[in-house]
Structure formats: structure tokens, C-alpha cells
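Novice: Have a look at this one before I ask anything.
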Amino acid sequence: MITNDAVVLGLLMLILAGIFYTASQPGWKRFYNIIPPLLLCYFIPGLLNSLGIINGVTSQLYPVVSKYFLPACLVLFTVGMDWKSLTRLGPKALAAMLIGTAGIMIGGPVALWVVGTVSPATVAGEGADAVWRGLATIAGSWIGGGANQTALREVFHPSDALFSQMVAVDVLIAELWMAALIYGAGIASRVDAFLGADSRTVQEAKEHLDSDQKANEQNPMLRDYIFLAAAGFGATGIAHGLAEVITPFLAQNYPALEKYSLTSNFFWVISIATLIGILLSLTPVRKLEYYGASRLGSVFLYVLVATIGMQMDLGAVADNPGLFAIGLIWISIHGIILIVACKWLKIPFFFLAVGSQANVGGSASASVVAAAFHPSLAPVGVLLAILGYAIGTYGGYLTALMMQWIST
């Protein structure tokens with residue numbers, strides 16, 4: 001067993017490098033069409049932990065990464081929020097995104113109630129093994145992304161075994177859904193005809209974003225990386241400092257708020273960091289996105305994903321297969337609500353697909369789905385996904401409270 005965290009970190013980075021390198025090679029395209037790279041970023045470290053090669057439980061990598069990299073990651077994702085471009089996409093793009101969010105928030109509690117009615121044993125569990133705690137992390141992931149998922153894990157503290165099961169449900173169901181959306185991109189004209197939608201707004205968005213990206217893209221210098229680090233870690237420091245004041249005050253004066261996890265230090269760290277990122281996006285600091293803010297945030301996110309994976313016990317994934325039923329019902333409710341609403345509002349399938357994936361998959365897969373329609377549309381996926389990162393922790397938190405209420 002490797003116990004030196006420096007060695008483990010080096011091993012994790014080599015694994016990530018190997019995954020990204022092979023994913024960029026044409027000869028591996030068929031393999032990664034079946035097994036998505038994100039899945040491997042979780043499961044290869046999980047396999048090493050399950051085989052006893054590393055010990056994710058005793059390692060201090062995850063506590064350090066979650067404490068410092070996670071808040072910085074959320075700031076770097078949200079600082080690039082381009083409110084002007086979002087409004088230019090028109091109300092239908094934002095409507096599809098927010099309807100998708102509502103579908104996730106409604107679908108989780110309903111799926112938990114349905115499966116709990118049919119199979120109470122599937123949703124049983126007390127304390128850290130309470131199933132709703134694990135499902136809270138999926139809510140964070142499916143409204144925002146991996147960073148929001150980790151944030152809610154730190155707020156609600158599901159057991160490691162339960163979280164391992166939830167990661168499997170999250171990734172596998174999300175990838176199946178993305179495959180369905182990409183298939184739909186190939187028959188978008190027929191789907192638009194069914195929805196009664198006019199896709200001219202999609203063409204206008206494509207032309208605007210293509211020209212904006214070419215006009216503003218920058219080659220970052222050393223000082224720009226320093227500015228990026230200052231924004232991410234400076235906001236992280238402020239968030240930790242304020243949380244250390246807020247949490248003891250609430251715990252001492254309003255102990256009843258513990259039931260809603262509002263006395264959790266990490267809840268306030270994440271909430272404040274996200275708010276700082278949103279506020280910075282309203283200032284000239286937003287231009288840091290042109291120098292790679294979201295790309296650096298993605299680096300932090302994948303390191304986070306790998307350290308989460310190294311705590312997984314893959315043997316626990318098979319202990320409760322009924323959880324996959326919750327995931328399937330959940331994503332089905334999300335899809336049905338989106339389709340009905342988009343048909344009613346005559347929203348093009350492009351906005352339905354990208355708005356959905358911006359929720360369920362985050363910026364990487366949302367841009368993949370957008371690019372399946374046209375490569376120049378990839379930034380639409382990123383823009384909507386950044387909005388998802390901004391609201392993911394808050395929306396996931398509210399969804400978790402509803403699932404907790406259903407479970408009691």
C-alpha cells in the first residue's frame with residue numbers, strides 16, 4: 001500500500017494525464033464513446049483504493065483539495081459569467097436551463113418517494129447512511145457540476161460507501177442521458193417540428209458567439225495566471241474567514257438551524273465563495289475568463305474528482321442496485337418536464353438539449369452536446385453551465401431538504 005500522499009498525488013496526476021492523452025487520440029475514440037473519460041477519472045483511483053494499493057480513507061489529499069481547491073474552482077467557474085451574452089441568447093435559452101433545474105429539483109424528491117413506496121429497503125438508512133444524504137450530492141451534480149456535488153457532500157456528510165454508490169448512479173445515468181441528447185442532435189429538425197419551434201434564434205446565437213470568441217480570446221502570460229490564482233484563492237480565503245464568524249454565531253444563537261445544515265462551516269464557505277464569483281462577474285474582473293479562468297477551474301475540478309475517486313469502494317456500488325431506479329425515474333421526470341414545457345413554449349431542441357446538459361453534465365459535456373449541433377455553438381453550453389455552477393449548490397441544498405422531509 002502506498003501511504004505517502006506526495007506519491008499518491010503524483011500517481012493521480014499521471015492517471016489524469018493518461019486519460020486525457022488517450023481521449024485525444026483517434027484510435028481511442030470508439031473506447032471513449034462507450035466509457036466516458038469522466039467515469040475513468042472516478043473509477044481508476046477507486047479501483048486502486050478497492051485493491052488496497054492506496055488508502056483514500058487515511059489520505060489527507062481530499063481534505064486539503066476540498067478545503068482549498070473546491071471554493072477556488074467555483075469562483076473560477078462563476079467569475080466568467082457573461083450576463084450580456086446570456087441575455088442575447090434570448091429568454092428561451094434561459095427558460096430551458098431553469099426549467100431543467102426545476103425538473104431536477106422536482107424529480108429527486110418524487111423519485112425517492114416512488115421507489116420508497118415500492119421498495120422501502122432501497123431508501124432505508126440512518127445517520128450518515130441515510131439515502132437522502134447521498135442523493136443530495138447527485139442533486140448538486142445535476143444542477144451544477146462536480147464542484148457543487150462535493151460541496152453538498154461536505155454539507156450533508158453521507159458515508160463513503162453511500163457516496164460511492166451515488167457517484168456510480170450519477171455518472172452512469174448522466175452519460176446515458178447525454179447519449180440520448182446527442183442522438184437527438186442528429187434529428188434536431190424533426191424534434192423541432194414536433195416541438196413547433198423556430199430554430200432561427202439558434203443560428204443568430206451561433207454567429208454572435210463565434211465572432212465574440214474570436215475577438216476576445218487571449219494568450220495568458222505569467223501575470224494572468226497570478227491574477228487567476230489571486231481571484232480563486234483570495235475569494236477562498238475571504239469565504240473561510242467569514243464562515244468562521246458566521247458558523248459559531250448561528251450555532252450558539254440559533255441551534256435549531258443545525259437541522260438545515262446552516263451551522264455547517266463548509267456550507268457557508270461554498271455559498272460565500274460562489275457569491276463572490278458571481279459578484280466579480282459583474283466587474284471588469286470577468287475578463288479573466290478570456291485568460292482561462294474556467295480552464296484553470298477545470299484543472300482543479302479534475303484533481304478533485306480524482307481525490308473523490310480514491311475514497312470509493314467499488315464493492316459498495318453493487319450493494320444497493322435499486323438506487324439506479326431512483327436515478328432513472330429522476331432523469332425521466334426531468335426530461336418529461338423539459339419536453340412538455342418546451343413544446344408549450346415552442347423552445348428549439350437545441351436549447352432543450354444544452355439547457356438540460358448544462359444542468360446534468362456541467363460545462364464539459366454541455367459544450368459537447370452544443371458542439372454536436374455546430375462547433376461554434378459550444379460556448380452556449382459553457383455559458384449555461386456556468387449559470388448552473390452558480391445556482392447548483394443552492395438548488396441542490398433545497399432539493400436535499402425536500403428529500404430529507406420525504407424520508408422522515
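Every chain in the C-alpha cells has a letter given in the order shown (A, B, ...), and although residue numbers restart at 1 in each chain, ligands are simply numbered from 1 in the order shown.
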Write out as a PyMOL selection string which residues come within 10 Å of range 227-234 of chain A when counting only C-alpha atoms, dropping same-chain ones fewer than 3 positions away.
Specialist: chain A and resi 68-77+79+222-224+237-239+273+276-277+280+285+288-289+291-294+296-297
Novice: Using N, CA and C atoms, can you write the selected residues to a file as a PDB file, in the first residue's frame?
Specialist:
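Printed below is out.pdb as written:
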```pdb
ATOM      1  N   TYR A  68      -9.354  23.864  -0.144  1.00  0.00           N
ATOM      2  CA  TYR A  68      -8.708  24.966  -0.863  1.00  0.00           C
ATOM      3  C   TYR A  68      -9.088  25.014  -2.349  1.00  0.00           C
ATOM      4  N   PHE A  69      -9.078  23.875  -3.027  1.00  0.00           N
ATOM      5  CA  PHE A  69      -9.318  23.865  -4.474  1.00  0.00           C
ATOM      6  C   PHE A  69     -10.797  24.009  -4.816  1.00  0.00           C
ATOM      7  N   LEU A  70     -11.672  23.409  -4.016  1.00  0.00           N
ATOM      8  CA  LEU A  70     -13.091  23.420  -4.356  1.00  0.00           C
ATOM      9  C   LEU A  70     -13.681  24.831  -4.363  1.00  0.00           C
ATOM     10  N   PRO A  71     -13.509  25.637  -3.304  1.00  0.00           N
ATOM     11  CA  PRO A  71     -14.054  27.006  -3.382  1.00  0.00           C
ATOM     12  C   PRO A  71     -13.417  27.819  -4.510  1.00  0.00           C
ATOM     13  N   ALA A  72     -12.097  27.657  -4.700  1.00  0.00           N
ATOM     14  CA  ALA A  72     -11.425  28.376  -5.785  1.00  0.00           C
ATOM     15  C   ALA A  72     -11.974  27.952  -7.145  1.00  0.00           C
ATOM     16  N   CYS A  73     -12.265  26.683  -7.281  1.00  0.00           N
ATOM     17  CA  CYS A  73     -12.839  26.140  -8.513  1.00  0.00           C
ATOM     18  C   CYS A  73     -14.181  26.811  -8.819  1.00  0.00           C
ATOM     19  N   LEU A  74     -15.036  26.929  -7.816  1.00  0.00           N
ATOM     20  CA  LEU A  74     -16.348  27.550  -8.015  1.00  0.00           C
ATOM     21  C   LEU A  74     -16.216  29.022  -8.388  1.00  0.00           C
ATOM     22  N   VAL A  75     -15.263  29.709  -7.782  1.00  0.00           N
ATOM     23  CA  VAL A  75     -15.033  31.121  -8.127  1.00  0.00           C
ATOM     24  C   VAL A  75     -14.579  31.240  -9.578  1.00  0.00           C
ATOM     25  N   LEU A  76     -13.636  30.401  -9.992  1.00  0.00           N
ATOM     26  CA  LEU A  76     -13.106  30.479 -11.356  1.00  0.00           C
ATOM     27  C   LEU A  76     -14.159  30.111 -12.396  1.00  0.00           C
ATOM     28  N   PHE A  77     -15.091  29.250 -12.037  1.00  0.00           N
ATOM     29  CA  PHE A  77     -16.175  28.917 -12.965  1.00  0.00           C
ATOM     30  C   PHE A  77     -17.186  30.066 -13.078  1.00  0.00           C
ATOM     31  N   VAL A  79     -16.790  33.378 -12.186  1.00  0.00           N
ATOM     32  CA  VAL A  79     -16.278  34.721 -12.473  1.00  0.00           C
ATOM     33  C   VAL A  79     -16.455  35.074 -13.950  1.00  0.00           C
ATOM     34  N   LEU A 222       2.337  35.125 -17.559  1.00  0.00           N
ATOM     35  CA  LEU A 222       2.562  34.738 -16.170  1.00  0.00           C
ATOM     36  C   LEU A 222       1.697  35.555 -15.224  1.00  0.00           C
ATOM     37  N   ARG A 223       1.644  36.876 -15.438  1.00  0.00           N
ATOM     38  CA  ARG A 223       0.856  37.732 -14.531  1.00  0.00           C
ATOM     39  C   ARG A 223      -0.619  37.337 -14.539  1.00  0.00           C
ATOM     40  N   ASP A 224      -1.113  36.853 -15.699  1.00  0.00           N
ATOM     41  CA  ASP A 224      -2.519  36.469 -15.791  1.00  0.00           C
ATOM     42  C   ASP A 224      -2.805  35.244 -14.932  1.00  0.00           C
ATOM     43  N   GLY A 237     -10.062  32.498   0.677  1.00  0.00           N
ATOM     44  CA  GLY A 237      -9.647  32.992   1.994  1.00  0.00           C
ATOM     45  C   GLY A 237     -10.720  33.830   2.650  1.00  0.00           C
ATOM     46  N   ILE A 238     -11.349  34.723   1.878  1.00  0.00           N
ATOM     47  CA  ILE A 238     -12.436  35.553   2.415  1.00  0.00           C
ATOM     48  C   ILE A 238     -13.594  34.674   2.877  1.00  0.00           C
ATOM     49  N   ALA A 239     -13.934  33.669   2.057  1.00  0.00           N
ATOM     50  CA  ALA A 239     -15.055  32.779   2.390  1.00  0.00           C
ATOM     51  C   ALA A 239     -14.785  32.020   3.685  1.00  0.00           C
ATOM     52  N   ALA A 273     -18.130  31.777  -1.346  1.00  0.00           N
ATOM     53  CA  ALA A 273     -17.213  31.738  -2.494  1.00  0.00           C
ATOM     54  C   ALA A 273     -17.983  31.871  -3.804  1.00  0.00           C
ATOM     55  N   ILE A 276     -19.177  35.446  -4.202  1.00  0.00           N
ATOM     56  CA  ILE A 276     -18.070  36.324  -4.601  1.00  0.00           C
ATOM     57  C   ILE A 276     -17.800  36.188  -6.092  1.00  0.00           C
ATOM     58  N   GLY A 277     -17.796  34.938  -6.592  1.00  0.00           N
ATOM     59  CA  GLY A 277     -17.582  34.713  -8.020  1.00  0.00           C
ATOM     60  C   GLY A 277     -18.641  35.399  -8.867  1.00  0.00           C
ATOM     61  N   LEU A 280     -18.043  39.167  -8.779  1.00  0.00           N
ATOM     62  CA  LEU A 280     -16.881  39.521  -9.609  1.00  0.00           C
ATOM     63  C   LEU A 280     -17.228  39.498 -11.090  1.00  0.00           C
ATOM     64  N   VAL A 285     -13.282  42.259 -13.623  1.00  0.00           N
ATOM     65  CA  VAL A 285     -12.563  41.016 -13.314  1.00  0.00           C
ATOM     66  C   VAL A 285     -13.079  39.864 -14.174  1.00  0.00           C
ATOM     67  N   LEU A 288     -11.092  37.885 -16.815  1.00  0.00           N
ATOM     68  CA  LEU A 288     -10.181  36.763 -16.534  1.00  0.00           C
ATOM     69  C   LEU A 288     -10.609  35.502 -17.271  1.00  0.00           C
ATOM     70  N   GLU A 289     -11.874  35.413 -17.646  1.00  0.00           N
ATOM     71  CA  GLU A 289     -12.335  34.256 -18.411  1.00  0.00           C
ATOM     72  C   GLU A 289     -11.615  34.161 -19.750  1.00  0.00           C
ATOM     73  N   TYR A 291      -8.647  34.738 -20.244  1.00  0.00           N
ATOM     74  CA  TYR A 291      -7.292  34.248 -19.987  1.00  0.00           C
ATOM     75  C   TYR A 291      -7.290  32.839 -19.396  1.00  0.00           C
ATOM     76  N   GLY A 292      -8.465  32.216 -19.357  1.00  0.00           N
ATOM     77  CA  GLY A 292      -8.510  30.801 -18.976  1.00  0.00           C
ATOM     78  C   GLY A 292      -9.025  30.506 -17.588  1.00  0.00           C
ATOM     79  N   ALA A 293      -9.901  31.346 -17.035  1.00  0.00           N
ATOM     80  CA  ALA A 293     -10.409  31.107 -15.684  1.00  0.00           C
ATOM     81  C   ALA A 293     -11.119  29.760 -15.584  1.00  0.00           C
ATOM     82  N   SER A 294     -12.030  29.491 -16.500  1.00  0.00           N
ATOM     83  CA  SER A 294     -12.777  28.230 -16.418  1.00  0.00           C
ATOM     84  C   SER A 294     -11.892  27.032 -16.724  1.00  0.00           C
ATOM     85  N   LEU A 296      -8.642  26.778 -15.863  1.00  0.00           N
ATOM     86  CA  LEU A 296      -7.919  26.504 -14.621  1.00  0.00           C
ATOM     87  C   LEU A 296      -8.873  25.897 -13.591  1.00  0.00           C
ATOM     88  N   GLY A 297     -10.110  26.382 -13.554  1.00  0.00           N
ATOM     89  CA  GLY A 297     -11.113  25.782 -12.671  1.00  0.00           C
ATOM     90  C   GLY A 297     -11.343  24.318 -12.998  1.00  0.00           C
TER      91      GLY A 297
END
```
Novice: Compile the contact shell of Tyr290 in chain A as a PyMOL selection string: residues with an atom at most 8 Å away, counting only C-alpha atoms, same-chain residues fewer than 5 positions apart removed.
Specialist: chain A and resi 216-218
Novice: For the residues selected in the previous step, produce a file with C-alpha atoms as a PDB file, in the first residue's frame.
Specialist:
```pdb
ATOM      1  CA  ASN A 216     -11.657  38.284 -27.157  1.00  0.00           C
ATOM      2  CA  GLU A 217      -9.561  35.122 -26.876  1.00  0.00           C
ATOM      3  CA  GLN A 218      -6.195  35.909 -25.241  1.00  0.00           C
TER       4      GLN A 218
END
```
Novice: May I have all residues of range 283-335 of chain A that DSSP, computed from the backbone, assigns to alpha helix (DSSP H), given as number ranges by chain?
Specialist: A: 293-309, 314-317, 322-335
Novice: For Pro158 in chain A, list every protein, DNA or RNA residue within 7 Å, evaluated using only C-alpha atoms, and leave out those in the same chain fewer than 3 positions away; present the list as a PyMOL selection string.
Specialist: chain A and resi 128-129+133-134+153+162-163
Novice: Go ahead and save the residues from that selection, with N, CA and C atoms, as a compact mmCIF listing (two decimals), in the first residue's frame.
Specialist:
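What landed in out.txt:
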```
# COMPACT_ATOMS: atom_id res chain seq x y z
N ALA A 128 -25.33 8.81 8.71
CA ALA A 128 -24.53 9.04 7.50
C ALA A 128 -24.94 8.13 6.35
N ASP A 129 -25.66 7.04 6.65
CA ASP A 129 -26.11 6.11 5.60
C ASP A 129 -27.52 6.43 5.11
N ARG A 133 -29.13 11.73 2.02
CA ARG A 133 -27.85 12.46 2.08
C ARG A 133 -27.01 12.20 0.83
N GLY A 134 -26.99 10.96 0.39
CA GLY A 134 -26.26 10.64 -0.83
C GLY A 134 -26.91 11.26 -2.06
N ARG A 153 -21.63 17.25 -0.52
CA ARG A 153 -21.11 16.11 0.25
C ARG A 153 -20.55 16.62 1.58
N LEU A 162 -21.88 4.97 0.85
CA LEU A 162 -23.07 5.52 0.19
C LEU A 162 -22.67 6.46 -0.93
N PHE A 163 -21.67 7.27 -0.69
CA PHE A 163 -21.24 8.21 -1.73
C PHE A 163 -20.68 7.48 -2.95
```
Novice: Within 6 Å of range 318-338 of chain A, which residues of range 86-182 of chain A come that close, and what is the closest atom pair and distance in Å for each? Count only C-alpha atoms and give it as CSV.
Specialist:
```
residue,atom,partner,partner_atom,distance
A:Gly100,CA,A:Leu338,CA,6.0
A:Gly103,CA,A:His334,CA,4.2
A:Ile104,CA,A:His334,CA,5.5
A:Gly107,CA,A:Trp330,CA,4.7
A:Gly108,CA,A:Trp330,CA,5.4
A:Ala111,CA,A:Trp330,CA,5.3
A:Thr122,CA,A:Gly322,CA,5.8
A:Val169,CA,A:Phe324,CA,5.7
```
Novice: Counting only C-alpha atoms, which of A:Pro26, A:Gly116, A:Pro63, A:Pro36 gets nearest to Asp5 in chain A?
Specialist: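 Nearest to Asp5 in chain A: A:Pro63.
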Novice: If you measure from CA of Ala124 in chain A to CA of Ala174 in chain A, what distance in Å do you get, rounded to one decimal?
Specialist: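 Computing the Euclidean distance for CA of Ala124 in chain A and CA of Ala174 in chain A yields 23.8 Å.
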Novice: For Thr307 in chain A, list every protein, DNA or RNA residue within 9 Å, evaluated using only C-alpha atoms, and leave out those in the same chain fewer than 6 positions away; present the list as a PyMOL selection string.
Specialist: chain A and resi 9+12+42+45+56+61-62+65-66
Novice: Excluding Trp28 in chain A and any residue of its chain fewer than 6 positions from it, enumerate the residues within 12 Å of it, using only C-alpha atoms, and give them as a PyMOL selection string.
Specialist: chain A and resi 18-22+34-37
Novice: Pick from A:Ala306, A:Thr150, A:Val115, A:Gly80: nearest to Gly10 in chain A, with only C-alpha atoms counted?
Specialist: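 So, comparing all the options, the nearest one is A:Ala306.
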Novice: Could you tell me how far CA of Asn148 in chain A sits from CA of Val269 in chain A, in Å to one decimal place?
Specialist: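 The value is 12.1 Å.
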Novice: Compile the contact shell of range 84-99 of chain A as a ChimeraX atom specification: residues with an atom at most 9 Å away, counting only C-alpha atoms, same-chain residues fewer than 5 positions apart removed.
Specialist: /A:104,201-202,204-205,208-209,334,337-338,341-342,345-348,350-359,380,383-385,387-388
Novice: Could the residues in this selection be written to a file with N, CA, C and O atoms, as a CSV table (one decimal), in the first residue's frame?
Specialist:
```csv
chain,number,residue,atom,x,y,z
A,104,ILE,N,-35.0,18.9,-12.2
A,104,ILE,CA,-34.1,18.1,-11.3
A,104,ILE,C,-34.6,18.3,-9.8
A,104,ILE,O,-34.7,17.3,-9.1
A,201,THR,N,-33.3,31.5,-34.0
A,201,THR,CA,-32.5,32.1,-32.8
A,201,THR,C,-31.2,31.4,-32.6
A,201,THR,O,-30.3,32.0,-32.1
A,202,VAL,N,-31.2,30.1,-32.8
A,202,VAL,CA,-30.0,29.3,-32.7
A,202,VAL,C,-29.0,29.7,-33.7
A,202,VAL,O,-27.8,29.9,-33.3
A,204,GLU,N,-28.7,32.7,-35.0
A,204,GLU,CA,-28.2,34.0,-34.6
A,204,GLU,C,-27.2,33.9,-33.4
A,204,GLU,O,-26.2,34.6,-33.4
A,205,ALA,N,-27.5,33.0,-32.5
A,205,ALA,CA,-26.6,32.8,-31.4
A,205,ALA,C,-25.3,32.3,-31.8
A,205,ALA,O,-24.2,32.7,-31.3
A,208,HIS,N,-23.2,35.1,-33.4
A,208,HIS,CA,-22.7,36.1,-32.3
A,208,HIS,C,-21.6,35.5,-31.5
A,208,HIS,O,-20.5,36.2,-31.3
A,209,LEU,N,-21.8,34.3,-31.0
A,209,LEU,CA,-20.8,33.7,-30.1
A,209,LEU,C,-19.5,33.4,-30.8
A,209,LEU,O,-18.4,33.5,-30.3
A,334,HIS,N,-37.2,14.8,-15.1
A,334,HIS,CA,-36.5,15.9,-15.7
A,334,HIS,C,-36.8,16.1,-17.2
A,334,HIS,O,-37.1,17.2,-17.7
A,337,ILE,N,-40.6,16.9,-18.0
A,337,ILE,CA,-40.9,18.3,-17.7
A,337,ILE,C,-40.4,19.2,-18.8
A,337,ILE,O,-41.0,20.1,-19.2
A,338,LEU,N,-39.1,18.9,-19.2
A,338,LEU,CA,-38.5,19.8,-20.2
A,338,LEU,C,-39.2,19.7,-21.5
A,338,LEU,O,-39.5,20.7,-22.2
A,341,ALA,N,-42.7,21.4,-21.3
A,341,ALA,CA,-42.6,22.9,-21.2
A,341,ALA,C,-42.1,23.5,-22.6
A,341,ALA,O,-42.5,24.5,-23.0
A,342,CYS,N,-41.1,22.8,-23.2
A,342,CYS,CA,-40.5,23.3,-24.4
A,342,CYS,C,-41.5,23.2,-25.6
A,342,CYS,O,-41.5,24.1,-26.5
A,345,LEU,N,-43.9,26.2,-24.9
A,345,LEU,CA,-43.3,27.5,-25.1
A,345,LEU,C,-42.6,27.6,-26.5
A,345,LEU,O,-42.0,28.6,-26.9
A,346,LYS,N,-42.7,26.5,-27.3
A,346,LYS,CA,-42.1,26.4,-28.6
A,346,LYS,C,-40.6,26.7,-28.6
A,346,LYS,O,-40.0,27.5,-29.4
A,347,ILE,N,-39.9,26.1,-27.6
A,347,ILE,CA,-38.4,26.3,-27.5
A,347,ILE,C,-37.7,25.3,-28.4
A,347,ILE,O,-38.0,24.1,-28.3
A,348,PRO,N,-36.7,25.7,-29.2
A,348,PRO,CA,-36.0,24.8,-30.0
A,348,PRO,C,-35.3,23.7,-29.3
A,348,PRO,O,-34.9,23.9,-28.1
A,350,PHE,N,-32.4,22.6,-29.6
A,350,PHE,CA,-31.0,22.9,-29.2
A,350,PHE,C,-31.0,23.5,-27.8
A,350,PHE,O,-30.1,23.1,-26.9
A,351,PHE,N,-31.8,24.4,-27.5
A,351,PHE,CA,-31.9,25.0,-26.1
A,351,PHE,C,-32.3,24.0,-25.1
A,351,PHE,O,-31.8,24.0,-23.9
A,352,LEU,N,-33.2,23.1,-25.5
A,352,LEU,CA,-33.7,22.0,-24.6
A,352,LEU,C,-32.5,21.1,-24.2
A,352,LEU,O,-32.2,20.8,-23.0
A,353,ALA,N,-31.7,20.7,-25.2
A,353,ALA,CA,-30.6,19.7,-25.0
A,353,ALA,C,-29.5,20.4,-24.2
A,353,ALA,O,-29.0,19.8,-23.3
A,354,VAL,N,-29.1,21.6,-24.6
A,354,VAL,CA,-28.0,22.2,-24.0
A,354,VAL,C,-28.4,22.7,-22.6
A,354,VAL,O,-27.6,22.6,-21.6
A,355,GLY,N,-29.6,23.2,-22.4
A,355,GLY,CA,-30.0,23.6,-21.1
A,355,GLY,C,-30.1,22.4,-20.1
A,355,GLY,O,-29.7,22.5,-19.0
A,356,SER,N,-30.6,21.3,-20.6
A,356,SER,CA,-30.6,20.0,-19.8
A,356,SER,C,-29.2,19.6,-19.4
A,356,SER,O,-28.9,19.3,-18.3
A,357,GLN,N,-28.3,19.5,-20.4
A,357,GLN,CA,-26.9,19.0,-20.2
A,357,GLN,C,-26.1,20.0,-19.3
A,357,GLN,O,-25.2,19.6,-18.6
A,358,ALA,N,-26.4,21.3,-19.4
A,358,ALA,CA,-25.8,22.3,-18.6
A,358,ALA,C,-26.1,22.0,-17.1
A,358,ALA,O,-25.3,22.2,-16.2
A,359,ASN,N,-27.3,21.5,-16.9
A,359,ASN,CA,-27.7,21.1,-15.5
A,359,ASN,C,-27.0,19.7,-15.2
A,359,ASN,O,-26.2,19.6,-14.2
A,380,VAL,N,-22.2,28.2,-25.9
A,380,VAL,CA,-23.5,28.3,-25.3
A,380,VAL,C,-23.6,27.3,-24.2
A,380,VAL,O,-24.2,27.7,-23.1
A,383,LEU,N,-21.7,28.8,-21.2
A,383,LEU,CA,-22.4,29.9,-20.6
A,383,LEU,C,-23.5,29.4,-19.7
A,383,LEU,O,-23.6,29.8,-18.5
A,384,LEU,N,-24.3,28.5,-20.2
A,384,LEU,CA,-25.4,28.0,-19.4
A,384,LEU,C,-24.9,27.1,-18.3
A,384,LEU,O,-25.5,27.1,-17.2
A,385,ALA,N,-23.8,26.4,-18.5
A,385,ALA,CA,-23.2,25.5,-17.4
A,385,ALA,C,-22.7,26.4,-16.3
A,385,ALA,O,-22.8,26.0,-15.1
A,387,LEU,N,-23.9,29.2,-15.4
A,387,LEU,CA,-25.1,29.6,-14.6
A,387,LEU,C,-25.5,28.4,-13.7
A,387,LEU,O,-25.9,28.6,-12.5
A,388,GLY,N,-25.3,27.2,-14.2
A,388,GLY,CA,-25.6,26.0,-13.3
A,388,GLY,C,-24.7,25.9,-12.1
A,388,GLY,O,-25.1,25.6,-11.0
```
Novice: Identify, on the basis of only C-alpha atoms, every residue whose closest approach to Val171 in chain A does not exceed 8 Å; exclude the query and any residue fewer than 4 positions from it along the same chain; express the result as a PyMOL selection string.
Specialist: chain A and resi 38-39+167+175
Novice: Next, write the just-selected residues to a file, as an mmCIF file, in the first residue's frame, keeping C-alpha atoms as the atom set.
Specialist:
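In the end it all went to part.cif:
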```
data_model
loop_
_atom_site.group_PDB
_atom_site.id
_atom_site.type_symbol
_atom_site.label_atom_id
_atom_site.label_comp_id
_atom_site.auth_asym_id
_atom_site.auth_seq_id
_atom_site.Cartn_x
_atom_site.Cartn_y
_atom_site.Cartn_z
ATOM 1 C CA LEU A 38 -15.020 11.359 -16.521
ATOM 2 C CA LEU A 39 -16.050 7.865 -15.454
ATOM 3 C CA VAL A 167 -21.171 8.546 -7.879
ATOM 4 C CA GLU A 175 -23.906 9.587 -19.532
#
```
Novice: Which one of A:Asp170, A:Glu126, A:Asp160, A:Glu244 sits closest to Gly140 in chain A if you count only C-alpha atoms?
Specialist: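 So, comparing all the options, the nearest one is A:Asp170.
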Novice: Ranking A:Gly46, A:Phe373, A:Leu181, A:Ala121 by minimum distance to Ser199 in chain A and counting only C-alpha atoms, which one comes first?
Specialist: A:Phe373
Novice: Taking only C-alpha atoms into account, which of A:Ala161, A:Ala6, A:Tyr397, A:Phe300 comes nearest Leu262 in chain A?
Specialist: A:Tyr397
